[in-house]
Amino acid sequence: MIRNPVIPYAIIAIVGIVMVVVFSYIGDNQRQAMNEEENGTTEETEEVGEPDEVYANSCVSCHGDDLSGASGPDLTQVGDRLSEDEIEDIIINGKGSMPDGLTSLEEAEVLAEWLADMK
């Protein structure tokens with residue numbers, strides 16, 4: 001009985017093509033989920049804590065426990081110098097040596113409102 005030597009290669013090629021399609025589909029879903037998470041458009045809603053908790057988790061290391069500043073500037077009277085929108089923009093986009101993305105958009109909004117009252 002003579003076997004066709006091409007059949008094993010054809011089977012391997014078909015299995016390979018199926019695997020590429022499956023992995024592409026899985027990768028695309030993961031990329032889409034990562035983009036949604038990055039842009040804050042996930043369907044899951046995370047609870048935003050109190051402003052002082054958000055501050056303690058994201059800001060205290062540079063601005064100090066009492067907002068008086070450490071490696072970052074003093075925030076005790078930041079509401080006199082900047083509007084709520086300006087504060088929120090700095091929290092979201094960073095400024096100077098402050099990096100962007102330290103909080104979610106919702107946390108930035110709550111934190112900016114709280115800091116704008118510091119006068």
# chains A, B, ... in the order shown; residues from 1 in each chain; ligands from 1
$ residues_around --residues "region 57-72 of chain A" --least-positions-apart "5" --cutoff "9 Å" --atoms "only C-alpha atoms" --output "PyMOL selection string"
chain A and resi 52+77+97-98+102-103
$ residues_around --residues "Ala112 (chain A)" --least-positions-apart "5" --cutoff "8 Å" --atoms "only C-alpha atoms" --output "PDB file with N, CA and C atoms, in the first residue's frame"
ATOM      1  N   GLU A  84     -11.525  73.923  40.089  1.00  0.00           N
ATOM      2  CA  GLU A  84     -11.759  72.475  40.150  1.00  0.00           C
ATOM      3  C   GLU A  84     -11.389  71.802  38.829  1.00  0.00           C
ATOM      4  N   ASP A  85     -11.733  72.440  37.711  1.00  0.00           N
ATOM      5  CA  ASP A  85     -11.408  71.865  36.396  1.00  0.00           C
ATOM      6  C   ASP A  85      -9.901  71.804  36.171  1.00  0.00           C
ATOM      7  N   ILE A  87      -7.591  71.584  38.511  1.00  0.00           N
ATOM      8  CA  ILE A  87      -7.069  70.541  39.406  1.00  0.00           C
ATOM      9  C   ILE A  87      -7.326  69.173  38.793  1.00  0.00           C
ATOM     10  N   GLU A  88      -8.533  68.958  38.291  1.00  0.00           N
ATOM     11  CA  GLU A  88      -8.870  67.673  37.679  1.00  0.00           C
ATOM     12  C   GLU A  88      -7.985  67.398  36.469  1.00  0.00           C
ATOM     13  N   ILE A  91      -4.614  66.275  37.695  1.00  0.00           N
ATOM     14  CA  ILE A  91      -4.672  64.910  38.233  1.00  0.00           C
ATOM     15  C   ILE A  91      -4.698  63.893  37.090  1.00  0.00           C
TER      16      ILE A  91
END
$ closest_residue --among "A:Glu36, A:Asp80, A:Asp74, A:Asp89" --to "Leu105 (chain A)" --atoms "only C-alpha atoms"
A:Asp89
$ atom_distance --atom1 "CA of Arg3 (chain A)" --atom2 "CA of Val15 (chain A)"
20.3 Å
$ closest_residue --among "A:Gly94, A:Ile7, A:Gly27, A:Pro51" --to "Glu109 (chain A)" --atoms "only C-alpha atoms"
A:Pro51
$ atom_distance --atom1 "CA of Asn93 (chain A)" --atom2 "CA of Glu107 (chain A)"
13.3 Å
$ closest_residue --among "A:Gly79, A:Pro5, A:Gly96, A:Pro73" --to "Lys119 (chain A)" --atoms "only C-alpha atoms"
A:Gly79
$ atom_distance --atom1 "CA of Ala33 (chain A)" --atom2 "CA of Val21 (chain A)"
18.5 Å
